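Engineer: Next comes query23.json, JSON, C-alpha atoms and all ligand atoms:
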```
[["chain", "number", "residue", "atom", "x", "y", "z"],
["A", 1, "MET", "CA", 38.99, -1.98, -4.45],
["A", 2, "THR", "CA", 35.57, -0.61, -5.14],
["A", 3, "LEU", "CA", 33.39, -0.11, -2.08],
["A", 4, "ILE", "CA", 29.83, -1.37, -2.38],
["A", 5, "LEU", "CA", 27.50, 1.07, -0.65],
["A", 6, "ASP", "CA", 25.13, -1.52, 0.74],
["A", 7, "GLY", "CA", 21.83, 0.07, 1.72],
["A", 8, "THR", "CA", 20.69, -2.96, 3.69],
["A", 9, "VAL", "CA", 23.77, -2.75, 5.94],
["A", 10, "ALA", "CA", 23.49, 1.01, 6.48],
["A", 11, "ALA", "CA", 19.71, 0.78, 7.01],
["A", 12, "ALA", "CA", 20.08, -2.01, 9.59],
["A", 13, "SER", "CA", 22.66, -0.02, 11.55],
["A", 14, "ILE", "CA", 20.57, 3.18, 11.53],
["A", 15, "ARG", "CA", 17.38, 1.32, 12.37],
["A", 16, "ILE", "CA", 19.03, -0.24, 15.45],
["A", 17, "GLN", "CA", 19.74, 3.30, 16.68],
["A", 18, "ILE", "CA", 16.14, 4.35, 15.92],
["A", 19, "ALA", "CA", 14.76, 1.29, 17.74],
["A", 20, "ALA", "CA", 16.85, 2.15, 20.82],
["A", 21, "GLN", "CA", 15.39, 5.67, 20.88],
["A", 22, "VAL", "CA", 11.84, 4.33, 20.50],
["A", 23, "ALA", "CA", 12.44, 1.89, 23.38],
["A", 24, "GLU", "CA", 13.53, 4.83, 25.58],
["A", 25, "PHE", "CA", 10.31, 6.73, 24.82],
["A", 26, "LYS", "CA", 8.22, 3.64, 25.53],
["A", 27, "LYS", "CA", 10.04, 3.11, 28.84],
["A", 28, "LYS", "CA", 8.99, 6.61, 29.83],
["A", 29, "GLY", "CA", 5.36, 5.64, 29.18],
["A", 30, "HIS", "CA", 4.90, 7.29, 25.77],
["A", 31, "ARG", "CA", 3.05, 5.65, 22.91],
["A", 32, "PRO", "CA", 5.27, 4.58, 20.01],
["A", 33, "PRO", "CA", 5.62, 6.72, 16.86],
["A", 34, "CYS", "CA", 2.90, 5.95, 14.32],
["A", 35, "LEU", "CA", 3.14, 6.08, 10.53],
["A", 36, "ILE", "CA", 0.15, 5.52, 8.28],
["A", 37, "ALA", "CA", 0.41, 4.76, 4.57],
["A", 38, "ILE", "CA", -2.54, 5.25, 2.24],
["A", 39, "LEU", "CA", -2.72, 2.87, -0.70],
["A", 40, "VAL", "CA", -5.24, 3.41, -3.48],
["A", 41, "GLY", "CA", -5.96, 0.54, -5.86],
["A", 42, "GLU", "CA", -4.04, -2.65, -6.53],
["A", 43, "ASP", "CA", -0.77, -1.61, -8.21],
["A", 44, "GLY", "CA", 1.67, -4.48, -7.56],
["A", 45, "ALA", "CA", 4.80, -2.39, -7.02],
["A", 46, "SER", "CA", 2.95, 0.02, -4.72],
["A", 47, "MET", "CA", 1.58, -2.86, -2.64],
["A", 48, "THR", "CA", 5.13, -4.21, -2.25],
["A", 49, "TYR", "CA", 6.55, -0.82, -1.24],
["A", 50, "VAL", "CA", 3.79, -0.13, 1.27],
["A", 51, "GLY", "CA", 4.20, -3.62, 2.75],
["A", 52, "ALA", "CA", 7.95, -3.02, 3.13],
["A", 53, "LYS", "CA", 7.30, 0.31, 4.85],
["A", 54, "LYS", "CA", 4.89, -1.30, 7.33],
["A", 55, "ILE", "CA", 7.38, -4.06, 8.18],
["A", 56, "ALA", "CA", 10.19, -1.52, 8.61],
["A", 57, "CYS", "CA", 7.99, 0.45, 11.04],
["A", 58, "GLU", "CA", 7.25, -2.60, 13.11],
["A", 59, "GLU", "CA", 10.93, -3.60, 13.21],
["A", 60, "VAL", "CA", 11.89, -0.33, 14.93],
["A", 61, "GLY", "CA", 8.95, -0.45, 17.33],
["A", 62, "PHE", "CA", 6.70, 2.02, 15.51],
["A", 63, "THR", "CA", 3.05, 1.40, 14.84],
["A", 64, "GLY", "CA", 2.79, 0.97, 11.06],
["A", 65, "LYS", "CA", -0.68, 1.21, 9.55],
["A", 66, "VAL", "CA", -1.96, 0.81, 6.01],
["A", 67, "ARG", "CA", -5.29, 2.30, 4.91],
["A", 68, "ARG", "CA", -6.46, 0.84, 1.62],
["A", 69, "PHE", "CA", -9.00, 2.37, -0.72],
["A", 70, "ARG", "CA", -10.52, 1.12, -3.94],
["A", 71, "ALA", "CA", -9.12, 2.56, -7.18],
["A", 72, "ASP", "CA", -12.47, 4.31, -7.84],
["A", 73, "ILE", "CA", -12.46, 6.41, -4.65],
["A", 74, "SER", "CA", -13.16, 10.05, -5.55],
["A", 75, "GLU", "CA", -10.52, 12.74, -5.10],
["A", 76, "ASN", "CA", -12.78, 14.53, -2.58],
["A", 77, "ASP", "CA", -13.31, 11.41, -0.50],
["A", 78, "LEU", "CA", -9.59, 10.69, -0.43],
["A", 79, "ILE", "CA", -8.84, 14.25, 0.65],
["A", 80, "SER", "CA", -11.51, 13.97, 3.41],
["A", 81, "GLU", "CA", -9.78, 10.86, 4.72],
["A", 82, "ILE", "CA", -6.45, 12.71, 4.73],
["A", 83, "GLN", "CA", -8.01, 15.60, 6.62],
["A", 84, "LYS", "CA", -9.29, 13.20, 9.29],
["A", 85, "ILE", "CA", -5.80, 11.76, 9.72],
["A", 86, "ASN", "CA", -4.36, 15.29, 9.85],
["A", 87, "LEU", "CA", -6.49, 15.89, 12.95],
["A", 88, "ASP", "CA", -5.62, 12.61, 14.65],
["A", 89, "ASP", "CA", -2.95, 13.30, 17.28],
["A", 90, "ALA", "CA", -2.11, 9.62, 17.59],
["A", 91, "ILE", "CA", -0.73, 9.56, 14.03],
["A", 92, "ASP", "CA", 2.65, 11.22, 13.50],
["A", 93, "GLY", "CA", 3.39, 10.56, 9.84],
["A", 94, "LEU", "CA", 1.15, 10.18, 6.79],
["A", 95, "ILE", "CA", 2.15, 9.15, 3.29],
["A", 96, "VAL", "CA", 0.05, 8.52, 0.22],
["A", 97, "GLN", "CA", 1.72, 5.95, -2.02],
["A", 98, "LEU", "CA", 2.15, 7.22, -5.57],
["A", 99, "PRO", "CA", 1.18, 6.82, -8.37],
["A", 100, "LEU", "CA", -2.52, 7.46, -7.89],
["A", 101, "PRO", "CA", -5.30, 6.56, -10.36],
["A", 102, "LYS", "CA", -5.57, 9.06, -13.25],
["A", 103, "HIS", "CA", -8.77, 10.72, -11.98],
["A", 104, "ILE", "CA", -7.03, 11.88, -8.77],
["A", 105, "SER", "CA", -4.62, 14.82, -8.73],
["A", 106, "GLU", "CA", -1.40, 13.75, -7.01],
["A", 107, "GLU", "CA", -0.61, 17.40, -6.45],
["A", 108, "LYS", "CA", -3.90, 18.14, -4.65],
["A", 109, "VAL", "CA", -3.59, 15.01, -2.53],
["A", 110, "THR", "CA", 0.03, 15.67, -1.60],
["A", 111, "GLN", "CA", -0.77, 19.25, -0.62],
["A", 112, "ALA", "CA", -3.71, 18.11, 1.55],
["A", 113, "ILE", "CA", -1.31, 16.39, 3.96],
["A", 114, "LEU", "CA", -0.48, 18.48, 7.04],
["A", 115, "PRO", "CA", 3.15, 19.62, 6.49],
["A", 116, "GLN", "CA", 4.08, 18.45, 10.01],
["A", 117, "LYS", "CA", 2.93, 14.91, 9.11],
["A", 118, "ASP", "CA", 4.32, 14.91, 5.57],
["A", 119, "VAL", "CA", 7.13, 12.40, 6.18],
["A", 120, "ASP", "CA", 7.71, 11.99, 2.42],
["A", 121, "GLY", "CA", 8.66, 15.69, 2.41],
["A", 122, "PHE", "CA", 6.58, 16.43, -0.71],
["A", 123, "HIS", "CA", 4.52, 19.39, 0.62],
["A", 124, "TYR", "CA", 5.25, 22.90, -0.73],
["A", 125, "ILE", "CA", 5.97, 24.07, 2.83],
["A", 126, "ASN", "CA", 8.62, 21.41, 3.32],
["A", 127, "MET", "CA", 10.09, 21.91, -0.17],
["A", 128, "GLY", "CA", 10.08, 25.68, 0.46],
["A", 129, "LYS", "CA", 11.85, 25.29, 3.79],
["A", 130, "LEU", "CA", 14.42, 23.07, 2.10],
["A", 131, "ALA", "CA", 14.95, 25.65, -0.65],
["A", 132, "LYS", "CA", 15.41, 28.41, 1.95],
["A", 133, "GLY", "CA", 17.74, 26.34, 4.12],
["A", 134, "ALA", "CA", 15.39, 26.31, 7.14],
["A", 135, "SER", "CA", 16.28, 23.50, 9.50],
["A", 136, "ASP", "CA", 12.79, 22.71, 10.80],
["A", 137, "GLY", "CA", 11.16, 21.31, 7.64],
["A", 138, "VAL", "CA", 10.64, 17.61, 6.93],
["A", 139, "LYS", "CA", 13.34, 16.51, 4.51],
["A", 140, "PRO", "CA", 12.40, 14.57, 1.34],
["A", 141, "ALA", "CA", 12.69, 10.89, 2.31],
["A", 142, "THR", "CA", 14.77, 9.50, -0.58],
["A", 143, "PRO", "CA", 17.36, 12.31, -0.74],
["A", 144, "TYR", "CA", 17.53, 12.27, 3.07],
["A", 145, "GLY", "CA", 18.09, 8.50, 2.98],
["A", 146, "ILE", "CA", 20.92, 9.02, 0.47],
["A", 147, "THR", "CA", 22.62, 11.50, 2.81],
["A", 148, "LEU", "CA", 22.31, 8.90, 5.60],
["A", 149, "LEU", "CA", 23.88, 6.26, 3.35],
["A", 150, "MET", "CA", 26.77, 8.60, 2.52],
["A", 151, "LYS", "CA", 27.27, 9.40, 6.21],
["A", 152, "HIS", "CA", 27.29, 5.70, 7.11],
["A", 153, "TYR", "CA", 30.10, 5.03, 4.62],
["A", 154, "GLY", "CA", 32.05, 8.21, 5.48],
["A", 155, "ILE", "CA", 31.38, 9.93, 2.15],
["A", 156, "ASP", "CA", 31.53, 13.66, 2.76],
["A", 157, "ALA", "CA", 30.03, 15.93, 0.09],
["A", 158, "HIS", "CA", 31.72, 19.02, 1.53],
["A", 159, "GLY", "CA", 33.56, 20.92, -1.22],
["A", 160, "LYS", "CA", 32.97, 18.15, -3.75],
["A", 161, "HIS", "CA", 31.39, 18.48, -7.18],
["A", 162, "VAL", "CA", 28.13, 16.54, -7.12],
["A", 163, "VAL", "CA", 26.43, 15.95, -10.46],
["A", 164, "ILE", "CA", 22.81, 14.81, -10.43],
["A", 165, "ILE", "CA", 21.01, 13.42, -13.47],
["A", 166, "GLY", "CA", 17.25, 13.94, -13.17],
["A", 167, "ARG", "CA", 15.26, 16.94, -11.90],
["A", 168, "SER", "CA", 12.23, 15.16, -10.42],
["A", 169, "ASN", "CA", 10.46, 16.64, -7.43],
["A", 170, "ILE", "CA", 10.94, 13.38, -5.53],
["A", 171, "VAL", "CA", 14.68, 12.90, -6.02],
["A", 172, "GLY", "CA", 16.82, 15.11, -8.29],
["A", 173, "ARG", "CA", 15.68, 18.61, -7.38],
["A", 174, "PRO", "CA", 15.43, 18.13, -3.58],
["A", 175, "MET", "CA", 18.73, 16.19, -3.65],
["A", 176, "SER", "CA", 20.41, 19.22, -5.25],
["A", 177, "LEU", "CA", 19.02, 21.43, -2.48],
["A", 178, "LEU", "CA", 20.06, 19.12, 0.35],
["A", 179, "LEU", "CA", 23.63, 18.61, -0.87],
["A", 180, "SER", "CA", 24.20, 22.31, -1.58],
["A", 181, "ALA", "CA", 22.79, 23.38, 1.83],
["A", 182, "ALA", "CA", 25.04, 24.88, 4.48],
["A", 183, "ALA", "CA", 24.56, 21.80, 6.66],
["A", 184, "PRO", "CA", 26.69, 18.86, 7.84],
["A", 185, "TYR", "CA", 25.46, 16.66, 4.97],
["A", 186, "GLY", "CA", 25.79, 19.47, 2.40],
["A", 187, "ASN", "CA", 28.28, 22.12, 1.31],
["A", 188, "ALA", "CA", 28.77, 20.52, -2.12],
["A", 189, "SER", "CA", 28.91, 22.33, -5.47],
["A", 190, "VAL", "CA", 25.97, 20.82, -7.31],
["A", 191, "THR", "CA", 25.21, 20.54, -11.03],
["A", 192, "LEU", "CA", 21.66, 19.43, -11.84],
["A", 193, "CYS", "CA", 21.43, 17.78, -15.27],
["A", 194, "HIS", "CA", 18.26, 16.68, -17.06],
["A", 195, "SER", "CA", 16.79, 15.59, -20.38],
["A", 196, "ARG", "CA", 17.63, 18.94, -22.04],
["A", 197, "THR", "CA", 21.25, 19.04, -20.88],
["A", 198, "LYS", "CA", 23.64, 19.34, -23.82],
["A", 199, "ASP", "CA", 26.73, 17.09, -23.74],
["A", 200, "LEU", "CA", 25.73, 15.26, -20.56],
["A", 201, "SER", "CA", 29.04, 13.36, -20.45],
["A", 202, "PHE", "CA", 30.94, 16.65, -20.15],
["A", 203, "PHE", "CA", 29.27, 17.10, -16.75],
["A", 204, "THR", "CA", 29.17, 13.51, -15.55],
["A", 205, "LYS", "CA", 32.91, 13.09, -16.19],
["A", 206, "MET", "CA", 33.56, 16.02, -13.84],
["A", 207, "ALA", "CA", 31.58, 14.51, -10.97],
["A", 208, "ASP", "CA", 33.27, 13.53, -7.72],
["A", 209, "ILE", "CA", 29.88, 12.15, -6.71],
["A", 210, "LEU", "CA", 27.39, 11.18, -9.44],
["A", 211, "ILE", "CA", 23.75, 10.66, -8.47],
["A", 212, "VAL", "CA", 21.61, 9.11, -11.17],
["A", 213, "ALA", "CA", 17.82, 9.29, -11.02],
["A", 214, "LEU", "CA", 16.33, 9.37, -14.50],
["A", 215, "GLY", "CA", 14.63, 5.99, -14.77],
["A", 216, "LYS", "CA", 16.53, 4.60, -17.80],
["A", 217, "PRO", "CA", 18.05, 1.21, -16.98],
["A", 218, "GLY", "CA", 21.79, 0.91, -17.67],
["A", 219, "PHE", "CA", 22.00, 4.50, -18.98],
["A", 220, "VAL", "CA", 25.32, 5.53, -17.36],
["A", 221, "LYS", "CA", 28.30, 3.72, -18.93],
["A", 222, "ALA", "CA", 31.92, 3.54, -17.79],
["A", 223, "GLU", "CA", 33.09, 6.18, -20.29],
["A", 224, "MET", "CA", 30.71, 8.72, -18.72],
["A", 225, "VAL", "CA", 32.29, 8.62, -15.26],
["A", 226, "LYS", "CA", 35.53, 9.86, -13.73],
["A", 227, "GLU", "CA", 38.07, 7.40, -12.35],
["A", 228, "GLY", "CA", 37.56, 7.08, -8.57],
["A", 229, "ALA", "CA", 34.12, 8.74, -8.49],
["A", 230, "VAL", "CA", 31.34, 7.79, -6.08],
["A", 231, "ILE", "CA", 28.21, 6.55, -7.88],
["A", 232, "ILE", "CA", 24.72, 6.60, -6.37],
["A", 233, "ASP", "CA", 22.10, 4.85, -8.49],
["A", 234, "VAL", "CA", 18.50, 5.72, -7.66],
["A", 235, "GLY", "CA", 17.00, 3.90, -10.66],
["A", 236, "THR", "CA", 14.71, 0.93, -10.06],
["A", 237, "THR", "CA", 13.13, -0.22, -13.29],
["A", 238, "ARG", "CA", 11.54, -3.65, -13.65],
["A", 239, "VAL", "CA", 13.19, -5.37, -16.62],
["A", 240, "GLU", "CA", 12.28, -8.74, -18.09],
["A", 241, "ASP", "CA", 14.20, -11.68, -16.63],
["A", 242, "THR", "CA", 12.92, -15.04, -17.78],
["A", 243, "SER", "CA", 15.29, -16.86, -15.40],
["A", 244, "ARG", "CA", 13.14, -15.68, -12.48],
["A", 245, "LYS", "CA", 9.81, -16.99, -11.36],
["A", 246, "SER", "CA", 8.39, -13.44, -11.31],
["A", 247, "GLY", "CA", 9.65, -12.86, -14.89],
["A", 248, "TRP", "CA", 11.37, -9.58, -13.92],
["A", 249, "ARG", "CA", 14.19, -8.08, -11.89],
["A", 250, "LEU", "CA", 15.11, -4.57, -10.80],
["A", 251, "LYS", "CA", 17.74, -2.73, -12.81],
["A", 252, "GLY", "CA", 19.37, 0.59, -11.95],
["A", 253, "ASP", "CA", 20.19, 3.55, -14.18],
["A", 254, "VAL", "CA", 23.90, 2.67, -14.10],
["A", 255, "ASP", "CA", 25.54, -0.08, -16.14],
["A", 256, "PHE", "CA", 26.91, -1.60, -12.91],
["A", 257, "GLU", "CA", 29.32, -4.17, -14.39],
["A", 258, "SER", "CA", 31.22, -1.72, -16.60],
["A", 259, "VAL", "CA", 31.20, 1.20, -14.14],
["A", 260, "PHE", "CA", 32.21, -0.87, -11.09],
["A", 261, "GLU", "CA", 35.87, -1.29, -12.14],
["A", 262, "LYS", "CA", 36.44, 2.43, -12.59],
["A", 263, "VAL", "CA", 34.92, 3.98, -9.48],
["A", 264, "SER", "CA", 35.78, 4.11, -5.76],
["A", 265, "ALA", "CA", 32.25, 3.37, -4.48],
["A", 266, "ILE", "CA", 28.89, 2.43, -5.97],
["A", 267, "THR", "CA", 25.39, 1.50, -4.81],
["A", 268, "PRO", "CA", 23.97, -1.80, -6.07],
["A", 269, "VAL", "CA", 20.40, -2.17, -7.36],
["A", 270, "PRO", "CA", 18.54, -3.61, -5.55],
["A", 271, "LYS", "CA", 19.79, -3.18, -1.96],
["A", 272, "GLY", "CA", 21.35, 0.23, -2.47],
["A", 273, "VAL", "CA", 19.20, 3.34, -2.24],
["A", 274, "GLY", "CA", 15.90, 1.42, -1.87],
["A", 275, "PRO", "CA", 16.29, 0.48, 1.81],
["A", 276, "MET", "CA", 17.53, 4.02, 2.52],
["A", 277, "THR", "CA", 14.32, 5.60, 1.21],
["A", 278, "ILE", "CA", 12.44, 3.71, 3.88],
["A", 279, "THR", "CA", 15.09, 4.64, 6.44],
["A", 280, "GLY", "CA", 14.61, 8.33, 5.53],
["A", 281, "LEU", "CA", 10.88, 7.89, 6.01],
["A", 282, "ILE", "CA", 11.33, 6.19, 9.39],
["A", 283, "MET", "CA", 13.83, 8.84, 10.49],
["A", 284, "ASN", "CA", 11.41, 11.62, 9.47],
["A", 285, "THR", "CA", 8.62, 9.95, 11.44],
["A", 286, "LEU", "CA", 10.86, 9.71, 14.51],
["A", 287, "GLU", "CA", 11.82, 13.37, 14.12],
["A", 288, "VAL", "CA", 8.22, 14.65, 13.88],
["A", 289, "TYR", "CA", 7.30, 12.45, 16.85],
["A", 290, "LYS", "CA", 10.19, 13.76, 18.95],
["A", 291, "ALA", "CA", 9.32, 17.35, 18.02],
["A", 292, "LYS", "CA", 6.08, 16.88, 19.99],
["A", 293, "PHE", "CA", 8.05, 16.45, 23.21],
["A", 294, "VAL", "CA", 10.20, 19.57, 22.99],
["A", 301, "LIG", "N1", 6.11, 6.18, -5.20],
["A", 301, "LIG", "C1", 7.38, 6.07, -5.64],
["A", 301, "LIG", "N2", 8.24, 6.61, -4.76],
["A", 301, "LIG", "C2", 7.50, 7.09, -3.75],
["A", 301, "LIG", "C3", 7.82, 7.76, -2.53],
["A", 301, "LIG", "O1", 8.98, 8.05, -2.21],
["A", 301, "LIG", "N3", 6.76, 8.07, -1.74],
["A", 301, "LIG", "C4", 5.48, 7.79, -2.10],
["A", 301, "LIG", "N4", 4.50, 8.17, -1.25],
["A", 301, "LIG", "N5", 5.15, 7.18, -3.21],
["A", 301, "LIG", "C5", 6.17, 6.83, -4.03]]
```
Would you give me this structure, written as structure tokens?

Structural biologist:
Amino acid sequence: MTLILDGTVAAASIRIQIAAQVAEFKKKGHRPPCLIAILVGEDGASMTYVGAKKIACEEVGFTGKVRRFRADISENDLISEIQKINLDDAIDGLIVQLPLPKHISEEKVTQAILPQKDVDGFHYINMGKLAKGASDGVKPATPYGITLLMKHYGIDAHGKHVVIIGRSNIVGRPMSLLLSAAAPYGNASVTLCHSRTKDLSFFTKMADILIVALGKPGFVKAEMVKEGAVIIDVGTTRVEDTSRKSGWRLKGDVDFESVFEKVSAITPVPKGVGPMTITGLIMNTLEVYKAKFV
């Protein structure tokens, strides 16, 4: 029997625990944690993601705010707005939804966020702390969410061979650092594969846990995976689906139907890693909020 690693189930369970902690703080007279998301322009997917983040905040008792700016805002003006939020003690977490319009440097904007409020975990300081194994940095939200999903379903990376496809700064690279860390969620032997890897199947077939984040729908086929492996699919590409009103559906990087039969556990797309990214974000916001009280 293949176990479906359902992100909606894990997220709901973790968010109940977060909501209970928030209720305790409120009972003691504290304001709730506050997360603000900056959205520039009108990108449909970004609007959906930001909306989902706001709803998730409200469900756990956080204040969730969205600040919207027109697509033609200048880079300097956007950075000024970020600096104002950096100084606002009533805001715990700040994210800028990516991608940004071409005339704005995502790197400059990401680095303008105060590291202590960077609940996406994209700032050099937080990435550096992760690379050095420091425990006080903000973890990258998606990889952190994946470790929470694994914990929920009792999947222990300790001593296992984890193979990751994709070296992005948002998923693949920080995931490799988290899972190889000397930490309860880590202690794995990690191989990080990417577009220049020769004989990719050689590596993927060795994986006890295979994490796929390259953005190519249906890329990983059954013959590329080991019998009994755990598969985590981070891909979310919109593919055409004329049977739907929207005309599209989300498809992961793994050919789910063929791989399913062969493996011990697999995340679906949607409802796998997606809800856990938001859970990682919420957890990070709670952690930076709580750090103010100790
Ligand atoms: N765009 C796609 N993924 C992400 C993410 O994890 N955080 C932000 N801020 N933007 C994104």

Engineer: Counting all atoms listed in the file, which residues come within 10 Å of (19.7, 0.6, 3.6), with the point read in the file's coordinates, and could you list them as a list of chain:residue names?

Structural biologist: A:Leu5, A:Asp6, A:Gly7, A:Thr8, A:Val9, A:Ala10, A:Ala11, A:Ala12, A:Ser13, A:Ile14, A:Arg15, A:Gly145, A:Ile146, A:Leu148, A:Leu149, A:His152, A:Lys271, A:Gly272, A:Val273, A:Gly274, A:Pro275, A:Met276, A:Thr277, A:Ile278, A:Thr279, A:Gly280

Engineer: Using atom CA of Gly121 of chain A and atom CA of Val138 of chain A as the two end points, give the distance in Å to one decimal.

Structural biologist: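 One can read the atom CA of Gly121 of chain A to atom CA of Val138 of chain A distance as 5.3 Å.
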
Engineer: Would you mind listing the residues within 6 Å of ligand LIG 301 (chain A), counting all atoms listed in the file, as number ranges by chain?

Structural biologist: A: 95-99, 120

Engineer: Kindly save the residues from that selection, with C-alpha atoms included, as a tab-separated table (two decimals), in the frame of the given file.

Structural biologist:
```tsv
chain	number	residue	atom	x	y	z
A	95	ILE	CA	2.15	9.15	3.29
A	96	VAL	CA	0.05	8.52	0.22
A	97	GLN	CA	1.72	5.95	-2.02
A	98	LEU	CA	2.15	7.22	-5.57
A	99	PRO	CA	1.18	6.82	-8.37
A	120	ASP	CA	7.71	11.99	2.42
```

Engineer: Nearest to Leu94 of chain A: which of A:Thr197, A:Ile282, A:Phe293, A:Asp77 is it, counting all atoms listed in the file?

Structural biologist: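 Looking only at the distances to Leu94 of chain A, the closest residue turns out to be A:Ile282.
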
Engineer: Counting all atoms listed in the file, which residues come within 12 Å of (24.1, 21.8, -14.7), with the point read in the file's coordinates, and could you list them as number ranges by chain?

Structural biologist: A: 161-167, 172-173, 176, 189-204, 206-207

Engineer: Rounded to one decimal place, report the atom CA of Asp208 of chain A-atom CA of Met175 of chain A distance in Å.

Structural biologist: 15.3 Å

Engineer: One decimal, in Å: what's the spacing between atom CA of Pro270 of chain A and atom CA of Gly235 of chain A?

Structural biologist: 9.2 Å

Engineer: Skip Leu35 of chain A itself and residues of its chain fewer than 3 positions away, then list as number ranges by chain all residues within 7 Å of it, counting all atoms listed in the file.

Structural biologist: A: 63-65, 91-94, 285

Engineer: So that I can check the surroundings of Trp248 of chain A, please list as a VMD selection string every protein, DNA and RNA residue that reaches within 7 Å of it, counting only C-alpha atoms and ignoring chain neighbours fewer than 4 positions away.

Structural biologist: chain A and resid 238 to 242 244

Engineer: Keeping C-alpha atoms for every residue in the selection just given, could you write it to a file as an mmCIF file, keeping the file's coordinate frame?

Structural biologist:
```cif
data_model
loop_
_atom_site.group_PDB
_atom_site.id
_atom_site.type_symbol
_atom_site.label_atom_id
_atom_site.label_comp_id
_atom_site.auth_asym_id
_atom_site.auth_seq_id
_atom_site.Cartn_x
_atom_site.Cartn_y
_atom_site.Cartn_z
ATOM 1 C CA ARG A 238 11.540 -3.650 -13.650
ATOM 2 C CA VAL A 239 13.190 -5.370 -16.620
ATOM 3 C CA GLU A 240 12.280 -8.740 -18.090
ATOM 4 C CA ASP A 241 14.200 -11.680 -16.630
ATOM 5 C CA THR A 242 12.920 -15.040 -17.780
ATOM 6 C CA ARG A 244 13.140 -15.680 -12.480
#
```

Engineer: List the neighbours of Ile73 of chain A out to 12 Å using only C-alpha atoms; skip same-chain residues closer than 6 positions along the sequence, and give me the result as a PyMOL selection string.

Structural biologist: chain A and resi 39-41+79-81+100-104

Engineer: Could you take the residues named above and write them with C-alpha atoms, as a PDB file, in the coordinates of the input?

Structural biologist:
```
ATOM      1  CA  LEU A  39      -2.720   2.870  -0.700  1.00  0.00           C
ATOM      2  CA  VAL A  40      -5.240   3.410  -3.480  1.00  0.00           C
ATOM      3  CA  GLY A  41      -5.960   0.540  -5.860  1.00  0.00           C
ATOM      4  CA  ILE A  79      -8.840  14.250   0.650  1.00  0.00           C
ATOM      5  CA  SER A  80     -11.510  13.970   3.410  1.00  0.00           C
ATOM      6  CA  GLU A  81      -9.780  10.860   4.720  1.00  0.00           C
ATOM      7  CA  LEU A 100      -2.520   7.460  -7.890  1.00  0.00           C
ATOM      8  CA  PRO A 101      -5.300   6.560 -10.360  1.00  0.00           C
ATOM      9  CA  LYS A 102      -5.570   9.060 -13.250  1.00  0.00           C
ATOM     10  CA  HIS A 103      -8.770  10.720 -11.980  1.00  0.00           C
ATOM     11  CA  ILE A 104      -7.030  11.880  -8.770  1.00  0.00           C
TER      12      ILE A 104
END
```

Engineer: Near Thr147 of chain A, within 10 Å and counting only C-alpha atoms, which residues show up once chain neighbours fewer than 2 positions away are dropped, as a list in words?

Structural biologist: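 Listing them by chain and then by number gives Ala141, Thr142, Pro143, Tyr144, Gly145, Leu149, Met150, Lys151, His152, Ile155, Asp156, Ala157, Met175, Leu178, Leu179, Pro184, Tyr185, Gly186, Met276 and Gly280 of chain A.
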
Engineer: Restricting the calculation to all atoms listed in the file, which member of A:Leu130, A:Glu107, A:Lys290, A:Ser46 is positioned closest to Arg31 of chain A?

Structural biologist: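 Closest candidate: A:Lys290.
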